[in-house]
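One file, work.txt, carrying compact mmCIF, C-alpha atoms and all ligand atoms:
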# COMPACT_ATOMS: atom_id res chain seq x y z
CA MET S 16 -7.31 63.16 -5.26
CA LEU S 17 -8.84 65.75 -7.63
CA ARG S 18 -11.01 68.38 -6.06
CA PRO S 19 -14.55 68.77 -7.40
CA MET S 20 -14.40 70.92 -10.51
CA THR S 21 -14.86 74.59 -10.29
CA HIS S 22 -14.27 75.44 -13.89
CA PRO S 23 -13.56 72.70 -16.46
CA ALA S 24 -10.35 74.29 -17.78
CA ARG S 25 -9.12 74.76 -14.25
CA ALA S 26 -9.95 71.16 -13.36
CA ALA S 27 -8.05 69.91 -16.41
CA ALA S 28 -5.03 72.04 -15.54
CA GLU S 29 -5.06 70.78 -11.97
CA ALA S 30 -5.24 67.22 -13.23
CA LEU S 31 -2.23 67.85 -15.46
CA ASP S 32 -0.25 69.17 -12.49
CA HIS S 33 -1.26 66.10 -10.59
CA ALA S 34 -0.16 63.82 -13.47
CA ARG S 35 3.22 65.54 -13.54
CA ALA S 36 3.63 65.16 -9.80
CA LEU S 37 2.83 61.44 -10.09
CA ASP S 38 5.42 61.12 -12.88
CA ALA S 39 8.04 62.94 -10.82
CA ALA S 40 7.46 60.52 -7.93
CA ASP S 41 7.38 57.40 -10.16
CA SER S 42 10.17 54.99 -9.19
CA LEU S 43 9.89 53.22 -12.58
CA ARG S 44 10.12 56.43 -14.57
CA SER S 45 13.62 55.74 -15.92
CA PHE S 46 12.44 52.52 -17.59
CA ARG S 47 10.80 54.60 -20.32
CA ASP S 48 14.26 55.58 -21.47
CA ARG S 49 15.08 51.95 -22.17
CA PHE S 50 12.56 51.77 -25.01
CA VAL S 51 12.81 52.97 -28.61
CA VAL S 52 10.52 55.97 -29.11
CA HIS S 53 10.25 57.34 -32.66
CA ASP S 54 7.70 60.04 -31.99
CA PRO S 55 7.86 61.52 -28.49
CA ASN S 56 4.55 63.31 -29.06
CA LEU S 57 2.60 60.14 -29.76
CA VAL S 58 0.52 58.96 -26.81
CA TYR S 59 0.68 55.18 -26.99
CA LEU S 60 -2.07 53.53 -24.96
CA ASP S 61 -1.95 50.16 -26.71
CA GLY S 62 1.02 48.46 -25.04
CA ASN S 63 -1.35 45.72 -23.87
CA SER S 64 -1.83 44.78 -27.51
CA LEU S 65 1.71 45.25 -28.81
CA GLY S 66 4.33 46.31 -26.28
CA ARG S 67 6.97 48.83 -27.33
CA LEU S 68 10.44 47.80 -28.48
CA PRO S 69 13.12 47.73 -25.74
CA MET S 70 16.51 49.05 -26.88
CA ALA S 71 18.18 45.96 -25.43
CA THR S 72 15.95 43.81 -27.63
CA ARG S 73 16.77 45.82 -30.75
CA ASP S 74 20.49 45.41 -30.02
CA ARG S 75 20.19 41.72 -29.17
CA LEU S 76 18.20 41.02 -32.34
CA ARG S 77 20.78 42.85 -34.40
CA SER S 78 23.48 40.70 -32.86
CA VAL S 79 21.55 37.47 -33.33
CA VAL S 80 20.97 38.30 -36.99
CA GLU S 81 24.44 39.60 -37.82
CA ASN S 82 26.67 37.48 -35.59
CA GLU S 83 24.77 34.29 -34.91
CA TRP S 84 22.64 33.73 -38.00
CA ALA S 85 24.99 35.32 -40.56
CA GLY S 86 28.19 34.36 -38.74
CA GLU S 87 27.72 31.05 -36.98
CA LEU S 88 25.13 29.73 -39.44
CA SER S 89 23.78 26.28 -38.53
CA GLY S 90 26.44 25.89 -35.84
CA ALA S 91 24.41 28.34 -33.76
CA TRP S 92 21.83 25.60 -33.15
CA ASP S 93 24.28 24.20 -30.57
CA HIS S 94 23.20 27.02 -28.24
CA TRP S 95 19.87 28.03 -29.84
CA VAL S 96 18.28 24.71 -28.84
CA GLU S 97 18.59 25.69 -25.19
CA LEU S 98 16.47 28.82 -25.61
CA PRO S 99 12.91 27.44 -25.22
CA GLY S 100 13.80 25.91 -21.84
CA ARG S 101 16.16 28.62 -20.61
CA VAL S 102 13.82 31.50 -21.40
CA GLY S 103 10.91 29.42 -20.09
CA ASP S 104 12.72 29.04 -16.75
CA ALA S 105 13.33 32.79 -16.52
CA LEU S 106 9.68 33.47 -17.26
CA ALA S 107 8.59 30.84 -14.72
CA ARG S 108 10.76 32.38 -12.00
CA ASP S 109 10.34 36.09 -12.65
CA VAL S 110 6.81 36.38 -14.00
CA LEU S 111 4.63 33.31 -13.47
CA GLY S 112 5.44 32.01 -10.00
CA ALA S 113 6.22 28.58 -11.42
CA ALA S 114 9.17 26.25 -10.86
CA GLU S 115 12.13 25.54 -13.09
CA GLY S 116 11.22 23.05 -15.78
CA GLU S 117 7.51 23.91 -15.82
CA VAL S 118 7.40 26.45 -18.66
CA ALA S 119 8.41 26.15 -22.31
CA LEU S 120 8.08 28.63 -25.14
CA ALA S 121 6.73 27.59 -28.50
CA ASP S 122 4.29 28.50 -31.23
CA SER S 123 1.38 30.89 -30.64
CA THR S 124 -0.96 31.13 -27.67
CA THR S 125 -3.67 29.64 -29.85
CA VAL S 126 -1.63 26.54 -30.69
CA ASN S 127 -0.46 26.09 -27.10
CA PHE S 128 -4.03 26.48 -25.89
CA TYR S 129 -5.17 23.76 -28.29
CA ARG S 130 -2.30 21.50 -27.28
CA LEU S 131 -2.93 21.77 -23.54
CA ALA S 132 -6.73 21.69 -23.77
CA ALA S 133 -6.60 18.55 -25.92
CA ALA S 134 -4.12 16.92 -23.52
CA ALA S 135 -6.39 17.76 -20.58
CA LEU S 136 -9.46 16.28 -22.31
CA ASP S 137 -7.49 13.12 -23.11
CA ALA S 138 -6.65 12.85 -19.42
CA ARG S 139 -10.33 12.93 -18.38
CA PRO S 140 -11.90 10.27 -20.61
CA GLY S 141 -15.63 9.78 -20.11
CA ARG S 142 -16.24 13.35 -18.95
CA ARG S 143 -18.15 15.30 -21.55
CA VAL S 144 -18.21 18.96 -20.51
CA ILE S 145 -15.86 21.94 -20.93
CA VAL S 146 -16.58 25.06 -18.85
CA THR S 147 -15.68 28.53 -20.12
CA ASP S 148 -17.31 31.96 -20.38
CA ARG S 149 -18.97 33.90 -23.19
CA ALA S 150 -16.76 36.94 -22.59
CA ASN S 151 -13.56 34.91 -22.87
CA PHE S 152 -11.01 35.83 -25.56
CA PRO S 153 -12.25 34.70 -28.99
CA THR S 154 -9.38 32.35 -29.85
CA ASP S 155 -9.97 30.39 -26.62
CA ARG S 156 -13.69 30.08 -27.33
CA TYR S 157 -13.07 29.02 -30.93
CA VAL S 158 -10.45 26.39 -30.04
CA LEU S 159 -12.69 24.91 -27.34
CA GLU S 160 -15.63 24.83 -29.77
CA GLY S 161 -13.46 23.00 -32.30
CA LEU S 162 -12.31 20.47 -29.72
CA ALA S 163 -15.88 19.95 -28.49
CA ARG S 164 -17.11 19.38 -32.05
CA ALA S 165 -14.32 16.94 -32.91
CA ARG S 166 -14.87 14.91 -29.74
CA GLY S 167 -18.63 15.13 -29.31
CA LEU S 168 -18.32 17.14 -26.08
CA ALA S 169 -20.49 19.97 -24.78
CA ILE S 170 -19.48 23.45 -23.69
CA GLN S 171 -21.05 24.79 -20.54
CA TRP S 172 -21.04 28.54 -21.17
CA LEU S 173 -20.94 30.91 -18.23
CA ASP S 174 -22.67 34.21 -18.89
CA PRO S 175 -21.41 36.42 -16.10
CA ASP S 176 -21.63 40.17 -15.60
CA PRO S 177 -19.65 41.56 -18.57
CA ILE S 178 -17.53 43.84 -16.37
CA ALA S 179 -16.93 41.67 -13.29
CA GLY S 180 -16.48 38.38 -15.16
CA PRO S 181 -17.07 34.90 -13.74
CA SER S 182 -16.84 34.33 -9.98
CA ALA S 183 -15.87 31.13 -8.21
CA GLU S 184 -19.56 30.70 -7.33
CA ASP S 185 -20.55 30.97 -11.01
CA VAL S 186 -18.13 28.16 -11.82
CA ALA S 187 -19.07 26.07 -8.77
CA ALA S 188 -22.73 26.19 -9.85
CA VAL S 189 -21.98 24.25 -13.05
CA LEU S 190 -19.37 21.80 -11.75
CA ASP S 191 -20.16 18.12 -11.50
CA ASP S 192 -18.44 14.83 -12.28
CA ASP S 193 -19.06 15.27 -16.00
CA VAL S 194 -16.79 18.34 -16.27
CA ALA S 195 -13.39 17.52 -17.75
CA LEU S 196 -11.91 21.00 -18.07
CA VAL S 197 -12.44 24.54 -16.75
CA SER S 198 -10.74 27.21 -18.86
CA LEU S 199 -10.84 30.96 -18.25
CA SER S 200 -8.65 34.02 -18.73
CA HIS S 201 -6.88 35.48 -15.72
CA VAL S 202 -7.46 39.07 -16.86
CA ASN S 203 -10.38 39.70 -19.21
CA TYR S 204 -9.21 41.24 -22.49
CA ARG S 205 -12.10 43.71 -22.63
CA SER S 206 -12.99 44.70 -19.07
CA ALA S 207 -9.65 43.86 -17.39
CA ALA S 208 -11.50 42.00 -14.62
CA ILE S 209 -9.25 39.66 -12.68
CA THR S 210 -10.55 36.12 -12.24
CA ASP S 211 -10.05 34.42 -8.88
CA LEU S 212 -7.97 31.53 -10.18
CA ALA S 213 -7.12 30.16 -6.74
CA ALA S 214 -10.74 29.78 -5.63
CA ILE S 215 -11.81 28.37 -9.00
CA SER S 216 -8.89 25.91 -9.08
CA GLU S 217 -9.89 24.59 -5.68
CA ARG S 218 -13.50 24.02 -6.71
CA ALA S 219 -12.57 22.53 -10.09
CA HIS S 220 -10.14 20.12 -8.46
CA ALA S 221 -12.73 19.09 -5.87
CA ALA S 222 -14.95 18.10 -8.81
CA GLY S 223 -12.10 16.19 -10.48
CA ALA S 224 -11.71 18.60 -13.39
CA LEU S 225 -8.49 20.02 -14.80
CA THR S 226 -7.91 23.77 -15.22
CA LEU S 227 -6.33 25.72 -18.09
CA TRP S 228 -5.69 29.44 -17.58
CA ASP S 229 -4.95 32.02 -20.27
CA LEU S 230 -2.51 34.53 -18.82
CA SER S 231 -2.02 36.67 -21.94
CA HIS S 232 -3.31 39.85 -20.30
CA SER S 233 -1.61 39.31 -16.97
CA ALA S 234 1.92 38.10 -17.78
CA GLY S 235 4.28 40.94 -16.96
CA VAL S 236 1.75 43.26 -15.34
CA VAL S 237 -0.22 41.30 -12.73
CA ALA S 238 1.83 38.91 -10.62
CA VAL S 239 0.77 35.34 -11.21
CA ASP S 240 1.44 32.65 -8.62
CA LEU S 241 0.89 29.43 -10.53
CA ALA S 242 2.40 27.30 -7.77
CA GLY S 243 0.39 29.06 -5.08
CA ILE S 244 -2.95 28.66 -6.81
CA GLY S 245 -2.33 25.00 -7.64
CA ALA S 246 -2.66 25.60 -11.37
CA ASP S 247 -2.64 22.60 -13.68
CA LEU S 248 -2.06 24.17 -17.09
CA ALA S 249 -1.61 27.69 -18.45
CA VAL S 250 -0.73 29.55 -21.62
CA GLY S 251 -0.11 33.15 -22.57
CA CYS S 252 1.52 35.45 -25.04
CA THR S 253 4.71 37.48 -24.78
CA TYR S 254 4.15 40.44 -27.09
CA LYS S 255 1.87 42.39 -24.73
CA TYR S 256 3.31 43.41 -21.34
CA LEU S 257 6.47 41.36 -21.99
CA ASN S 258 7.34 43.48 -25.04
CA ALA S 259 8.81 40.64 -27.12
CA GLY S 260 7.46 41.84 -30.47
CA PRO S 261 4.80 40.82 -32.98
CA GLY S 262 4.30 37.07 -33.16
CA SER S 263 6.89 36.22 -30.51
CA PRO S 264 6.43 32.66 -29.21
CA ALA S 265 3.87 32.00 -26.50
CA PHE S 266 4.43 30.16 -23.24
CA GLN S 267 2.91 26.97 -21.97
CA TYR S 268 2.97 25.79 -18.38
CA VAL S 269 2.35 22.22 -17.32
CA ARG S 270 2.66 21.49 -13.60
CA HIS S 271 5.52 19.10 -12.84
CA ASP S 272 3.47 16.08 -11.80
CA LEU S 273 1.22 16.41 -14.87
CA GLN S 274 4.05 16.54 -17.41
CA ASP S 275 4.21 12.82 -17.93
CA GLN S 276 0.61 12.02 -17.00
CA LEU S 277 -0.58 14.19 -19.88
CA ARG S 278 0.58 13.88 -23.45
CA THR S 279 0.85 16.38 -26.26
CA PRO S 280 -1.48 15.78 -29.21
CA ILE S 281 1.17 17.25 -31.57
CA GLN S 282 3.94 14.69 -31.77
CA GLY S 283 6.62 16.76 -33.43
CA TRP S 284 10.30 15.98 -33.71
CA PHE S 285 11.35 18.76 -31.31
CA GLY S 286 9.34 17.05 -28.56
CA ARG S 287 10.81 13.62 -29.14
CA ARG S 288 13.31 12.01 -26.85
CA ASP S 289 16.76 12.07 -28.41
CA LEU S 290 15.69 14.40 -31.22
CA PHE S 291 18.63 13.92 -33.55
CA SER S 292 18.54 10.13 -33.45
CA MET S 293 15.70 10.57 -35.97
CA GLY S 294 14.39 7.20 -34.76
CA GLN S 295 11.17 5.39 -35.60
CA GLY S 296 8.14 6.12 -33.47
CA TRP S 297 7.57 8.99 -31.07
CA GLU S 298 8.36 9.01 -27.40
CA PRO S 299 8.22 12.23 -25.41
CA GLU S 300 11.33 14.02 -24.25
CA ALA S 301 11.28 14.25 -20.45
CA GLY S 302 9.72 17.35 -18.86
CA MET S 303 8.65 20.41 -20.84
CA GLY S 304 10.89 19.38 -23.74
CA GLY S 305 8.18 16.85 -24.57
CA TRP S 306 5.73 19.70 -25.13
CA LEU S 307 7.65 21.26 -28.01
CA ALA S 308 6.72 20.46 -31.58
CA GLY S 309 8.83 22.09 -34.30
CA THR S 310 11.83 24.32 -34.83
CA PRO S 311 11.80 27.16 -32.29
CA ALA S 312 11.56 30.81 -33.44
CA ILE S 313 14.92 32.16 -32.31
CA HIS S 314 14.33 35.88 -32.92
CA GLY S 315 11.24 35.78 -30.78
CA LEU S 316 12.89 33.77 -28.02
CA VAL S 317 15.78 36.17 -27.54
CA ALA S 318 13.29 39.05 -27.52
CA ILE S 319 11.38 37.32 -24.71
CA GLU S 320 14.61 36.84 -22.79
CA GLU S 321 15.27 40.59 -22.95
CA GLY S 322 11.64 41.43 -22.12
CA VAL S 323 11.64 39.19 -19.06
CA ARG S 324 14.95 40.72 -17.96
CA LEU S 325 13.40 44.19 -18.05
CA VAL S 326 10.35 43.08 -16.05
CA ALA S 327 12.62 41.39 -13.51
CA ALA S 328 14.79 44.51 -13.23
CA ALA S 329 11.75 46.66 -12.54
CA GLY S 330 10.17 44.07 -10.22
CA LEU S 331 6.64 42.79 -10.64
CA ASP S 332 5.52 44.28 -7.32
CA GLN S 333 6.58 47.75 -8.43
CA ILE S 334 5.08 47.18 -11.88
CA ARG S 335 1.76 46.17 -10.33
CA ALA S 336 1.82 49.13 -7.96
CA LYS S 337 2.39 51.55 -10.84
CA SER S 338 -0.22 49.76 -12.92
CA ILE S 339 -2.82 50.25 -10.18
CA ALA S 340 -1.84 53.92 -9.88
CA LEU S 341 -2.13 54.40 -13.67
CA THR S 342 -5.49 52.71 -14.03
CA SER S 343 -6.83 54.46 -10.89
CA PHE S 344 -5.79 57.81 -12.35
CA ALA S 345 -7.55 56.93 -15.62
CA VAL S 346 -10.71 55.98 -13.71
CA GLU S 347 -10.58 59.21 -11.74
CA LEU S 348 -10.17 61.29 -14.91
CA HIS S 349 -12.96 59.33 -16.57
CA ASP S 350 -15.29 60.22 -13.71
CA HIS S 351 -14.33 63.90 -13.77
CA ARG S 352 -14.09 64.53 -17.49
CA LEU S 353 -15.84 61.83 -19.50
CA ALA S 354 -18.83 60.59 -17.52
CA GLU S 355 -20.72 63.80 -18.34
CA LEU S 356 -20.14 63.18 -22.06
CA GLY S 357 -21.92 59.83 -22.21
CA CYS S 358 -19.05 57.56 -21.20
CA SER S 359 -19.24 54.85 -18.59
CA LEU S 360 -16.57 52.72 -17.03
CA GLY S 361 -16.24 49.25 -18.57
CA SER S 362 -13.74 48.00 -15.99
CA PRO S 363 -14.02 47.09 -12.31
CA ARG S 364 -13.73 50.08 -9.95
CA ASP S 365 -11.86 48.12 -7.30
CA PRO S 366 -8.19 48.23 -8.38
CA GLU S 367 -7.58 44.82 -6.82
CA GLN S 368 -10.12 43.40 -9.29
CA ARG S 369 -8.62 45.18 -12.29
CA GLY S 370 -5.69 44.30 -14.55
CA GLY S 371 -3.47 46.64 -16.57
CA HIS S 372 -5.97 48.38 -18.81
CA VAL S 373 -9.14 50.43 -18.52
CA SER S 374 -12.17 50.15 -20.76
CA ILE S 375 -14.29 53.20 -21.39
CA ARG S 376 -17.67 52.56 -22.91
CA HIS S 377 -19.34 54.97 -25.28
CA ALA S 378 -21.87 54.53 -28.08
CA ARG S 379 -19.34 56.08 -30.52
CA ALA S 380 -16.33 54.13 -29.25
CA ARG S 381 -15.53 52.66 -32.66
CA ALA S 382 -15.31 56.04 -34.41
CA LEU S 383 -13.54 57.50 -31.41
CA ARG S 384 -10.60 55.19 -31.94
CA GLY S 385 -9.93 56.67 -35.40
CA ASP S 386 -10.49 60.24 -34.23
CA LEU S 387 -8.02 59.66 -31.42
CA ALA S 388 -5.40 58.26 -33.78
CA ALA S 389 -5.74 61.41 -35.90
CA ALA S 390 -5.09 63.39 -32.70
CA GLY S 391 -1.94 61.37 -31.93
CA VAL S 392 -3.42 59.02 -29.33
CA ILE S 393 -3.30 55.28 -30.02
CA ALA S 394 -5.93 53.28 -28.17
CA ASP S 395 -7.90 50.18 -29.09
CA PHE S 396 -11.56 49.47 -29.76
CA ARG S 397 -13.27 46.29 -28.62
CA GLU S 398 -16.76 45.26 -29.64
CA PRO S 399 -19.38 46.39 -28.98
CA ASP S 400 -18.67 49.76 -27.36
CA SER S 401 -15.35 49.74 -25.49
CA LEU S 402 -12.40 52.00 -26.00
CA ARG S 403 -9.52 50.16 -24.38
CA LEU S 404 -6.70 52.14 -22.81
CA GLY S 405 -3.68 49.90 -22.24
CA LEU S 406 -1.40 51.47 -19.65
CA SER S 407 1.78 49.41 -19.85
CA PRO S 408 3.62 50.46 -16.67
CA LEU S 409 7.18 50.43 -18.04
CA THR S 410 6.33 52.72 -20.95
CA THR S 411 3.30 54.79 -19.93
CA ALA S 412 3.53 58.08 -18.04
CA PHE S 413 0.72 59.56 -15.97
CA GLU S 414 0.86 62.53 -18.32
CA ASP S 415 0.08 60.15 -21.21
CA VAL S 416 -3.07 59.10 -19.37
CA TRP S 417 -4.03 62.76 -18.92
CA ARG S 418 -3.39 63.54 -22.58
CA GLY S 419 -5.36 60.51 -23.71
CA ILE S 420 -8.39 61.37 -21.58
CA GLU S 421 -8.25 65.05 -22.57
CA ALA S 422 -8.16 64.04 -26.24
CA ILE S 423 -11.26 61.89 -25.73
CA HIS S 424 -12.90 64.81 -23.91
CA ALA S 425 -12.09 67.24 -26.72
CA ILE S 426 -13.45 64.92 -29.43
CA LEU S 427 -16.67 64.13 -27.57
CA ALA S 428 -17.23 67.72 -26.46
CA ALA S 429 -16.91 68.88 -30.09
CA GLY S 430 -19.64 66.37 -30.98
C1 LIG S 501 -3.71 38.36 -27.02
C2 LIG S 501 -4.38 37.14 -26.54
C3 LIG S 501 -4.20 35.91 -27.21
C4 LIG S 501 -3.41 35.85 -28.47
O1 LIG S 501 -3.35 34.60 -29.07
P1 LIG S 501 -2.35 34.41 -30.32
O2 LIG S 501 -2.42 33.00 -30.64
O3 LIG S 501 -1.01 34.88 -29.85
O4 LIG S 501 -2.84 35.29 -31.42
C5 LIG S 501 -4.81 34.79 -26.67
N1 LIG S 501 -5.55 34.86 -25.54
C6 LIG S 501 -5.75 36.04 -24.88
C7 LIG S 501 -6.55 36.07 -23.64
C8 LIG S 501 -5.18 37.20 -25.38
O5 LIG S 501 -5.38 38.36 -24.75
Just give me the structure of the file as structure tokens.
Ligand SMILES: *Cc1c(COP(=O)(O)O)cnc(C)c1O
Amino acid sequence: MLRPMTHPARAAAEALDHARALDAADSLRSFRDRFVVHDPNLVYLDGNSLGRLPMATRDRLRSVVENEWAGELSGAWDHWVELPGRVGDALARDVLGAAEGEVALADSTTVNFYRLAAAALDARPGRRVIVTDRANFPTDRYVLEGLARARGLAIQWLDPDPIAGPSAEDVAAVLDDDVALVSLSHVNYRSAAITDLAAISERAHAAGALTLWDLSHSAGVVAVDLAGIGADLAVGCTYKYLNAGPGSPAFQYVRHDLQDQLRTPIQGWFGRRDLFSMGQGWEPEAGMGGWLAGTPAIHGLVAIEEGVRLVAAAGLDQIRAKSIALTSFAVELHDHRLAELGCSLGSPRDPEQRGGHVSIRHARARALRGDLAAAGVIADFREPDSLRLGLSPLTTAFEDVWRGIEAIHAILAAG
């Protein structure tokens, strides 16, 4: 799209014109106006870590606090108890490609990951191996290591190309009848590589293993088709591309036919049949209700409901299309402006293989993050050398991408 540079300043100016033309043609452009923006000059490229606050969420939270909590007091539980299932159904339908009754919201991603991984291991007694990859998100690795230690199991670590991530062939090479569980992230948190969940599911199932996918970096930006890929179990968080706020509850998906074959290791009262009978002994509530544990976090749940509504209004296909355009523009600018300054791309070049962010590698990436913040550009650093630009499609303009890359250029060019 950009012509080869003649003069650097000219090339940058042309790229800015191009960014503005892309913004003018952006069908999702008006969604930016539905978010609270305190400082219009701040370039926020971290919406994949903490999504911005939607105005509808601010208003809904205000109403929940003032009218429901302050006004209805404990009587509000009559309708609050429906939230984990109701919001789970909306998320299943509009974001995850799952069926009604397959998704519930509770706790953090970490806790849900533990709960579903432990349930999967219980369902494959006698098998002693868990498959995951070294570049997987830390909490997933740590939880699996803890489960392996407690149960005397082994982890089969995949060590794939750090940018491309594990392929179906990498997984197939380690599968045998001793593997109980295969667990990977859909979109890698550092490189943004997309994992081929459908192909891996097929191979894992052929070997008799269960699968557990972490969708934290895909939910709300990359369409997920849990039914289509024959997923068994999945988890993910809601404060990234779903914009539900810090610490909002995470989701857990258990495929219909597995819901009563598997059993939660956390037998809490909110997962018990006939909760308020307060009876002796624990029996699971039917369906996803049996996968809850304790009192649901109401503020977070209503924020997820609003976040999912926004994603549904924009449409995941349009969101993904804009996401690809944003990350492709960032890659193009990287090649024209940053490659000559010692940067290299830490994300897949093929947009079909790339999620919603772009990693730019540089030896000074850690310091760069602070320098950028001082220049009004918020990005993230990931060990060892990646500057991560999160380009949340509902809140990021093409001009933001241009400003972010130009700020990196200016800092690196100044030495
Ligand atoms: C952000 C993220 C999490 C977060 O887990 P929490 O328990 O919510 O802190 C987990 N997994 C992945 C892949 C993530 O990107």
Proximity check chain S to ligand LIG 501 (chain S), 10 Å, nearest pairs one decimal Å, only C-alpha atoms and all ligand atoms, as a Markdown table:
| residue | atom | partner | partner_atom | distance |
| --- | --- | --- | --- | --- |
| S:Asn63 | CA | S:LIG501 | C1 | 8.3 |
| S:Ser64 | CA | S:LIG501 | C1 | 6.7 |
| S:Leu65 | CA | S:LIG501 | C1 | 8.9 |
| S:Asp122 | CA | S:LIG501 | O2 | 8.1 |
| S:Ser123 | CA | S:LIG501 | O2 | 4.3 |
| S:Thr124 | CA | S:LIG501 | O2 | 3.8 |
| S:Thr125 | CA | S:LIG501 | O2 | 3.7 |
| S:Val126 | CA | S:LIG501 | O2 | 6.5 |
| S:Asn127 | CA | S:LIG501 | O2 | 8.0 |
| S:Phe128 | CA | S:LIG501 | O2 | 8.2 |
| S:Tyr129 | CA | S:LIG501 | O2 | 9.9 |
| S:Asn151 | CA | S:LIG501 | C7 | 7.1 |
| S:Phe152 | CA | S:LIG501 | C7 | 4.9 |
| S:Pro153 | CA | S:LIG501 | N1 | 7.5 |
| S:Thr154 | CA | S:LIG501 | C5 | 6.1 |
| S:Asp155 | CA | S:LIG501 | N1 | 6.4 |
| S:Arg156 | CA | S:LIG501 | N1 | 9.6 |
| S:Leu199 | CA | S:LIG501 | C7 | 8.6 |
| S:Ser200 | CA | S:LIG501 | C7 | 5.7 |
| S:His201 | CA | S:LIG501 | C7 | 7.9 |
| S:Val202 | CA | S:LIG501 | C7 | 7.5 |
| S:Asn203 | CA | S:LIG501 | C7 | 6.9 |
| S:Tyr204 | CA | S:LIG501 | O5 | 5.3 |
| S:Arg205 | CA | S:LIG501 | O5 | 8.8 |
| S:Trp228 | CA | S:LIG501 | C7 | 9.0 |
| S:Asp229 | CA | S:LIG501 | C7 | 5.5 |
| S:Leu230 | CA | S:LIG501 | C7 | 6.5 |
| S:Ser231 | CA | S:LIG501 | O5 | 4.7 |
| S:His232 | CA | S:LIG501 | O5 | 5.1 |
| S:Ser233 | CA | S:LIG501 | O5 | 8.7 |
| S:Val250 | CA | S:LIG501 | N1 | 8.2 |
| S:Gly251 | CA | S:LIG501 | N1 | 6.4 |
| S:Cys252 | CA | S:LIG501 | O3 | 5.5 |
| S:Thr253 | CA | S:LIG501 | O3 | 8.1 |
| S:Tyr254 | CA | S:LIG501 | O3 | 8.1 |
| S:Lys255 | CA | S:LIG501 | C1 | 7.3 |
| S:Pro261 | CA | S:LIG501 | O3 | 8.9 |
| S:Gly262 | CA | S:LIG501 | O3 | 6.6 |
| S:Ser263 | CA | S:LIG501 | O3 | 8.0 |
| S:Pro264 | CA | S:LIG501 | O3 | 7.8 |
| S:Ala265 | CA | S:LIG501 | O3 | 6.6 |
| S:Phe266 | CA | S:LIG501 | O3 | 9.8 |
As lines of an AutoDock Vina configuration file, what would the box around segment 353-357 of chain S look like: edges along x, y and z, 4 Å added on every side, centre and edge lengths in Å to one decimal?
center_x = -18.9
center_y = 61.8
center_z = -19.9
size_x = 14.1
size_y = 12.0
size_z = 12.7
Can you list every residue of segment 195-311 of chain S that has an atom at most 8 Å from segment 104-113 of chain S, with its nearest atom pair and the distance in Å to one decimal, using only C-alpha atoms, ordered by chain then number, as a tab-separated table?
residue	atom	partner	partner_atom	distance
S:Ala234	CA	S:Val110	CA	6.4
S:Gly235	CA	S:Val110	CA	6.0
S:Ala238	CA	S:Val110	CA	6.5
S:Val239	CA	S:Leu111	CA	4.9
S:Asp240	CA	S:Gly112	CA	4.3
S:Leu241	CA	S:Gly112	CA	5.3
S:Ala242	CA	S:Ala113	CA	5.4
S:Gly243	CA	S:Gly112	CA	7.6
Checklist line | Selection: 6 Å around Ala394 of chain S, only C-alpha atoms, excl. self and same-chain fewer than 2 positions, as a PyMOL selection string | finding: chain S and resi 60-61+404
Practice problem: Using only C-alpha atoms, find the one residue out of S:Ala195, S:Gly357, S:Ile420, S:Leu341 that sits nearest to Ala138 of chain S. | Solution: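 Distance minimum relative to Ala138 of chain S lands on S:Ala195.
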One-decimal distance in Å that lies between atom CA of Asp38 of chain S and atom CA of Glu320 of chain S: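 So the two atoms, atom CA of Glu320 of chain S and atom CA of Asp38 of chain S, lie 27.8 Å apart.
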Which polymer residues, protein or nucleic acid, are no farther than 8 Å from (-9.0, 16.5, -27.9), counting all atoms listed in the file, as JSON, numbers by chain? {"S": [132, 133, 134, 135, 136, 137, 162, 163, 165, 166, 280]}
Requested in this report: One decimal, Å: what's the distance from atom CA of Ala71 of chain S over to atom CA of Ile339 of chain S, could you say?
Outcome: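 Atom-to-atom, atom CA of Ala71 of chain S to atom CA of Ile339 of chain S, that is 26.3 Å.
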Measuring between all atoms listed in the file, which one of S:Leu356, S:Leu168, S:Leu273, S:Ala329 shows the shortest distance to Pro140 of chain S?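 Of the candidates, the smallest distance to Pro140 of chain S is held by S:Leu168.
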Atom CA of Thr210 of chain S to atom CA of Pro408 of chain S measures 20.6 Å
Query - Best match for closeness to Val52 of chain S among S:Ala28, S:Ile244, S:Ile215, S:Leu68, counting only C-alpha atoms - result: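 Using only C-alpha atoms, Val52 of chain S sits closest to S:Leu68.
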